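Data block for my_file_35.cif (mmCIF, N, CA and C atoms and all ligand atoms):
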data_start
loop_
_atom_site.label_atom_id
_atom_site.label_comp_id
_atom_site.auth_asym_id
_atom_site.auth_seq_id
_atom_site.Cartn_x
_atom_site.Cartn_y
_atom_site.Cartn_z
N MET A 255 -15.18 -29.35 -21.45
CA MET A 255 -13.77 -29.00 -21.54
C MET A 255 -13.36 -28.10 -20.38
N SER A 256 -12.28 -28.44 -19.72
CA SER A 256 -11.81 -27.63 -18.61
C SER A 256 -10.30 -27.46 -18.70
N CYS A 257 -9.82 -26.37 -18.15
CA CYS A 257 -8.39 -26.20 -18.01
C CYS A 257 -8.02 -26.50 -16.56
N ASN A 258 -6.81 -26.23 -16.19
CA ASN A 258 -6.41 -26.49 -14.81
C ASN A 258 -6.39 -25.22 -13.96
N TYR A 259 -7.18 -24.24 -14.40
CA TYR A 259 -7.17 -22.97 -13.69
C TYR A 259 -7.62 -23.12 -12.23
N GLN A 260 -6.89 -22.47 -11.34
CA GLN A 260 -7.33 -22.31 -9.95
C GLN A 260 -7.11 -20.86 -9.58
N GLY A 261 -8.04 -20.26 -8.88
CA GLY A 261 -7.90 -18.85 -8.55
C GLY A 261 -8.48 -18.53 -7.20
N TYR A 262 -8.67 -17.25 -6.98
CA TYR A 262 -9.04 -16.76 -5.66
C TYR A 262 -10.38 -16.01 -5.71
N GLU A 263 -11.19 -16.33 -6.70
CA GLU A 263 -12.39 -15.56 -6.96
C GLU A 263 -13.39 -15.57 -5.81
N PHE A 264 -13.36 -16.58 -4.94
CA PHE A 264 -14.40 -16.67 -3.91
C PHE A 264 -13.95 -16.15 -2.56
N GLY A 265 -12.76 -15.57 -2.52
CA GLY A 265 -12.40 -14.77 -1.36
C GLY A 265 -11.82 -15.52 -0.17
N ALA A 266 -11.42 -16.78 -0.32
CA ALA A 266 -10.78 -17.47 0.79
C ALA A 266 -9.44 -16.81 1.13
N GLY A 267 -8.77 -16.31 0.12
CA GLY A 267 -7.59 -15.48 0.33
C GLY A 267 -6.29 -16.25 0.41
N ALA A 268 -6.16 -17.10 1.42
CA ALA A 268 -4.87 -17.75 1.67
C ALA A 268 -4.57 -18.90 0.71
N TYR A 269 -5.59 -19.42 0.06
CA TYR A 269 -5.38 -20.56 -0.84
C TYR A 269 -6.35 -20.44 -2.02
N PRO A 270 -6.03 -21.08 -3.14
CA PRO A 270 -6.95 -21.02 -4.27
C PRO A 270 -8.28 -21.69 -3.93
N ASP A 271 -9.38 -21.00 -4.19
CA ASP A 271 -10.68 -21.55 -3.84
C ASP A 271 -11.63 -21.65 -5.02
N SER A 272 -11.11 -21.36 -6.21
CA SER A 272 -11.96 -21.52 -7.38
C SER A 272 -11.32 -22.51 -8.35
N VAL A 273 -12.15 -23.30 -9.00
CA VAL A 273 -11.67 -24.24 -10.00
C VAL A 273 -12.51 -24.09 -11.26
N CYS A 274 -11.87 -24.31 -12.41
CA CYS A 274 -12.56 -24.22 -13.68
C CYS A 274 -13.19 -25.55 -14.04
N ILE A 275 -14.48 -25.52 -14.31
CA ILE A 275 -15.16 -26.70 -14.84
C ILE A 275 -15.96 -26.25 -16.05
N GLY A 276 -15.55 -26.73 -17.19
CA GLY A 276 -16.26 -26.38 -18.41
C GLY A 276 -16.28 -24.90 -18.72
N GLY A 277 -15.23 -24.21 -18.32
CA GLY A 277 -15.14 -22.79 -18.63
C GLY A 277 -15.84 -21.88 -17.63
N ARG A 278 -16.43 -22.47 -16.58
CA ARG A 278 -17.03 -21.68 -15.51
C ARG A 278 -16.26 -21.95 -14.23
N LEU A 279 -16.28 -20.99 -13.33
CA LEU A 279 -15.59 -21.18 -12.06
C LEU A 279 -16.54 -21.69 -10.99
N PHE A 280 -16.11 -22.73 -10.30
CA PHE A 280 -16.85 -23.30 -9.18
C PHE A 280 -16.10 -22.98 -7.89
N ASP A 281 -16.84 -22.83 -6.81
CA ASP A 281 -16.23 -22.56 -5.51
C ASP A 281 -15.76 -23.88 -4.89
N ALA A 282 -14.44 -24.03 -4.76
CA ALA A 282 -13.88 -25.29 -4.26
C ALA A 282 -14.28 -25.58 -2.81
N ASP A 283 -14.67 -24.55 -2.08
CA ASP A 283 -15.12 -24.75 -0.69
C ASP A 283 -16.59 -25.14 -0.60
N ASN A 284 -17.28 -25.02 -1.72
CA ASN A 284 -18.72 -25.21 -1.71
C ASN A 284 -19.05 -26.59 -2.29
N CYS A 285 -18.90 -27.63 -1.46
CA CYS A 285 -19.13 -28.98 -1.94
C CYS A 285 -19.79 -29.82 -0.85
N ASP A 286 -20.32 -30.98 -1.25
CA ASP A 286 -20.89 -31.87 -0.24
C ASP A 286 -19.78 -32.72 0.39
N ASP A 287 -20.14 -33.63 1.29
CA ASP A 287 -19.10 -34.35 2.03
C ASP A 287 -18.37 -35.40 1.18
N LYS A 288 -18.81 -35.59 -0.06
CA LYS A 288 -18.07 -36.46 -0.97
C LYS A 288 -17.15 -35.67 -1.90
N GLY A 289 -17.16 -34.36 -1.73
CA GLY A 289 -16.29 -33.52 -2.55
C GLY A 289 -16.90 -33.13 -3.88
N ASN A 290 -18.20 -33.39 -4.06
CA ASN A 290 -18.86 -32.95 -5.28
C ASN A 290 -19.18 -31.46 -5.18
N LEU A 291 -18.71 -30.71 -6.13
CA LEU A 291 -18.93 -29.27 -6.10
C LEU A 291 -20.37 -28.93 -6.46
N TYR A 292 -20.92 -27.97 -5.73
CA TYR A 292 -22.26 -27.50 -6.05
C TYR A 292 -22.23 -26.58 -7.25
N GLU A 293 -23.33 -26.59 -7.97
CA GLU A 293 -23.51 -25.63 -9.06
C GLU A 293 -23.37 -24.21 -8.52
N PRO A 294 -22.55 -23.38 -9.17
CA PRO A 294 -22.43 -21.99 -8.69
C PRO A 294 -23.74 -21.25 -8.89
N THR A 295 -24.03 -20.36 -7.95
CA THR A 295 -25.26 -19.58 -8.05
C THR A 295 -25.15 -18.52 -9.13
N GLU A 296 -23.93 -18.16 -9.45
CA GLU A 296 -23.76 -17.19 -10.51
C GLU A 296 -22.65 -17.63 -11.43
N GLU A 297 -22.77 -17.26 -12.67
CA GLU A 297 -21.84 -17.74 -13.67
C GLU A 297 -20.63 -16.82 -13.75
N ILE A 298 -19.47 -17.32 -13.31
CA ILE A 298 -18.23 -16.55 -13.39
C ILE A 298 -17.36 -17.20 -14.44
N PRO A 299 -17.06 -16.47 -15.51
CA PRO A 299 -16.26 -17.07 -16.59
C PRO A 299 -14.83 -17.33 -16.14
N CYS A 300 -14.25 -18.43 -16.60
CA CYS A 300 -12.85 -18.74 -16.32
C CYS A 300 -11.95 -17.80 -17.12
N PRO A 301 -10.99 -17.15 -16.43
CA PRO A 301 -10.12 -16.21 -17.14
C PRO A 301 -9.15 -16.87 -18.12
N MET A 302 -8.97 -18.19 -18.01
CA MET A 302 -8.12 -18.87 -18.99
C MET A 302 -8.92 -19.33 -20.20
N CYS A 303 -10.11 -19.85 -19.95
CA CYS A 303 -10.95 -20.32 -21.05
C CYS A 303 -11.64 -19.16 -21.75
N ASN A 304 -11.96 -18.12 -20.99
CA ASN A 304 -12.75 -17.02 -21.51
C ASN A 304 -12.28 -15.71 -20.87
N GLU A 305 -11.12 -15.27 -21.30
CA GLU A 305 -10.52 -14.09 -20.69
C GLU A 305 -11.40 -12.86 -20.83
N ALA A 306 -11.90 -12.64 -22.03
CA ALA A 306 -12.74 -11.46 -22.27
C ALA A 306 -13.99 -11.50 -21.38
N GLY A 307 -14.58 -12.69 -21.25
CA GLY A 307 -15.76 -12.83 -20.41
C GLY A 307 -15.46 -12.56 -18.95
N ALA A 308 -14.29 -13.00 -18.49
CA ALA A 308 -13.91 -12.80 -17.09
C ALA A 308 -13.68 -11.32 -16.80
N VAL A 309 -13.01 -10.64 -17.69
CA VAL A 309 -12.78 -9.21 -17.51
C VAL A 309 -14.10 -8.46 -17.50
N GLU A 310 -14.98 -8.85 -18.39
CA GLU A 310 -16.30 -8.24 -18.45
C GLU A 310 -17.05 -8.47 -17.14
N TYR A 311 -16.97 -9.68 -16.63
CA TYR A 311 -17.64 -10.02 -15.38
C TYR A 311 -17.15 -9.13 -14.24
N TRP A 312 -15.84 -9.04 -14.08
CA TRP A 312 -15.28 -8.27 -12.96
C TRP A 312 -15.52 -6.78 -13.13
N THR A 313 -15.49 -6.33 -14.37
CA THR A 313 -15.81 -4.92 -14.63
C THR A 313 -17.23 -4.62 -14.16
N GLN A 314 -18.16 -5.48 -14.53
CA GLN A 314 -19.56 -5.26 -14.14
C GLN A 314 -19.76 -5.40 -12.64
N GLN A 315 -19.03 -6.33 -12.01
CA GLN A 315 -19.14 -6.51 -10.57
C GLN A 315 -18.84 -5.22 -9.81
N HIS A 316 -17.88 -4.47 -10.31
CA HIS A 316 -17.37 -3.35 -9.53
C HIS A 316 -17.69 -1.98 -10.12
N MET A 317 -18.17 -1.97 -11.33
CA MET A 317 -18.40 -0.70 -12.01
C MET A 317 -19.45 0.15 -11.31
N SER A 318 -20.57 -0.48 -10.95
CA SER A 318 -21.67 0.29 -10.39
C SER A 318 -21.31 0.93 -9.05
N SER A 319 -20.67 0.17 -8.18
CA SER A 319 -20.40 0.69 -6.84
C SER A 319 -19.13 1.52 -6.76
N GLN A 320 -18.07 1.08 -7.40
CA GLN A 320 -16.78 1.71 -7.15
C GLN A 320 -16.12 2.32 -8.39
N GLY A 321 -16.70 2.10 -9.55
CA GLY A 321 -16.11 2.65 -10.75
C GLY A 321 -14.71 2.15 -11.05
N TRP A 322 -14.54 0.85 -10.91
CA TRP A 322 -13.24 0.25 -11.20
C TRP A 322 -12.79 0.52 -12.62
N PRO A 323 -11.52 0.85 -12.78
CA PRO A 323 -10.99 0.88 -14.14
C PRO A 323 -10.88 -0.53 -14.71
N ARG A 324 -11.03 -0.63 -16.00
CA ARG A 324 -11.01 -1.93 -16.65
C ARG A 324 -9.69 -2.67 -16.41
N LYS A 325 -8.61 -1.91 -16.29
CA LYS A 325 -7.30 -2.50 -16.06
C LYS A 325 -7.27 -3.29 -14.74
N HIS A 326 -7.93 -2.73 -13.73
CA HIS A 326 -8.00 -3.41 -12.43
C HIS A 326 -8.78 -4.72 -12.56
N ALA A 327 -9.86 -4.68 -13.29
CA ALA A 327 -10.65 -5.89 -13.52
C ALA A 327 -9.80 -6.95 -14.22
N MET A 328 -8.97 -6.52 -15.13
CA MET A 328 -8.08 -7.44 -15.84
C MET A 328 -7.14 -8.15 -14.88
N VAL A 329 -6.61 -7.41 -13.91
CA VAL A 329 -5.69 -8.01 -12.92
C VAL A 329 -6.43 -9.03 -12.07
N ILE A 330 -7.62 -8.70 -11.62
CA ILE A 330 -8.42 -9.63 -10.83
C ILE A 330 -8.73 -10.89 -11.64
N ALA A 331 -9.12 -10.68 -12.89
CA ALA A 331 -9.52 -11.81 -13.72
C ALA A 331 -8.35 -12.75 -14.00
N LYS A 332 -7.20 -12.17 -14.25
CA LYS A 332 -6.07 -13.00 -14.68
C LYS A 332 -5.15 -13.37 -13.55
N GLY A 333 -5.21 -12.68 -12.44
CA GLY A 333 -4.40 -13.02 -11.29
C GLY A 333 -3.06 -12.32 -11.29
N PRO A 334 -2.44 -12.25 -10.10
CA PRO A 334 -1.20 -11.49 -9.94
C PRO A 334 -0.01 -12.07 -10.72
N SER A 335 -0.06 -13.33 -11.11
CA SER A 335 1.06 -13.92 -11.82
C SER A 335 1.31 -13.24 -13.17
N GLN A 336 0.28 -12.55 -13.67
CA GLN A 336 0.41 -11.89 -14.97
C GLN A 336 1.39 -10.73 -14.94
N LYS A 337 1.80 -10.30 -13.75
CA LYS A 337 2.69 -9.15 -13.69
C LYS A 337 4.05 -9.41 -14.35
N HIS A 338 4.37 -10.67 -14.61
CA HIS A 338 5.62 -10.99 -15.29
C HIS A 338 5.56 -10.68 -16.77
N SER A 339 4.35 -10.57 -17.30
CA SER A 339 4.21 -10.28 -18.73
C SER A 339 4.44 -8.79 -18.98
N PRO A 340 4.95 -8.46 -20.13
CA PRO A 340 5.14 -7.02 -20.46
C PRO A 340 3.81 -6.32 -20.67
ZN ZN A 401 -10.82 -22.69 -17.67
#
What is this file in structure tokens?
Ligand SMILES: [Zn+2]
Amino acid sequence: MSCNYQGYEFGAGAYPDSVCIGGRLFDADNCDDKGNLYEPTEEIPCPMCNEAGAVEYWTQQHMSSQGWPRKHAMVIAKGPSQKHSP
């Protein structure tokens, strides 16, 4: 099961470079010449399929080095479009 989520988790910046496949994010730039995506080396939860898991992932990614607040991880996980929500 997959949603249509696309995000910026892999750092390309100017365009969405992550896609959800089965609730995990794959790097859209990381594929063979037929466009088959490679298995991700690390499991990044999709913020639409598994919001809690995605927030947890980003919190852990940044907690040790920079002490990110959980709120910041939430923004990264869900993307800037969420700013329209109250
Ligand atoms: Zn998804």
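Neighbouring residues of ligand ZN 401 (chain A) at a cut-off of 6.5 Å, counting all atoms listed in the file, are Ser256, Cys257, Asn258, Tyr259, Cys274, Ile275, Gly276, Gly277, Arg278, Cys300, Pro301, Met302, Cys303 and Asn304 of chain A.
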Restricting to all atoms listed in the file, whichever of A:Tyr262, A:Gly307, A:His316, A:Asp281 is closest to A:Pro294 is A:Asp281
Picked from chain A by DSSP as strand (DSSP E or B), as a list in words: Gln260, Gly261, Ser272, Val273, Cys274, Ile275, Arg278, Leu279, Phe280, Asp281, Cys285, Leu291 and Pro299 of chain A
Restricting the calculation to all atoms listed in the file, which member of A:Trp312, A:Met317, A:Thr295, A:Phe264 is positioned closest to A:Ala282?
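Nearest to A:Ala282: A:Phe264.
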- Could you pull out all residues of stretch 264-326 of chain A with a DSSP call of helix (DSSP H, G or I) and give them as a list in words?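 For stretch 264-326 of chain A, the helix (DSSP H, G or I) set is Glu305, Ala306, Gly307, Ala308, Val309, Glu310, Tyr311, Trp312, Thr313, Gln314, Gln315, His316, Met317, Ser318, Ser319, Gln320, Arg324, Lys325 and His326 of chain A.
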Give me the residues within 10 Å of A:Met328 as a list in words, counting only C-alpha atoms and dropping any in the same chain fewer than 6 places off.
Pro301, Glu305, Ala306, Ala308, Val309, Glu310, Tyr311, Trp312, Thr313, Pro334 and Gln336 of chain A
Review point. Just how far from atom N of A:Pro323 is atom N of A:Asp271, in Å to one decimal?
Key: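 Rounded to one decimal, the two atoms are 23.6 Å apart.
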In Å and to one decimal, atom C of A:Tyr269 is distant from atom N of A:Asp283 by 9.3 Å
The distance between atom N of A:Ile330 and atom CA of A:Ser272 is 14.2 Å
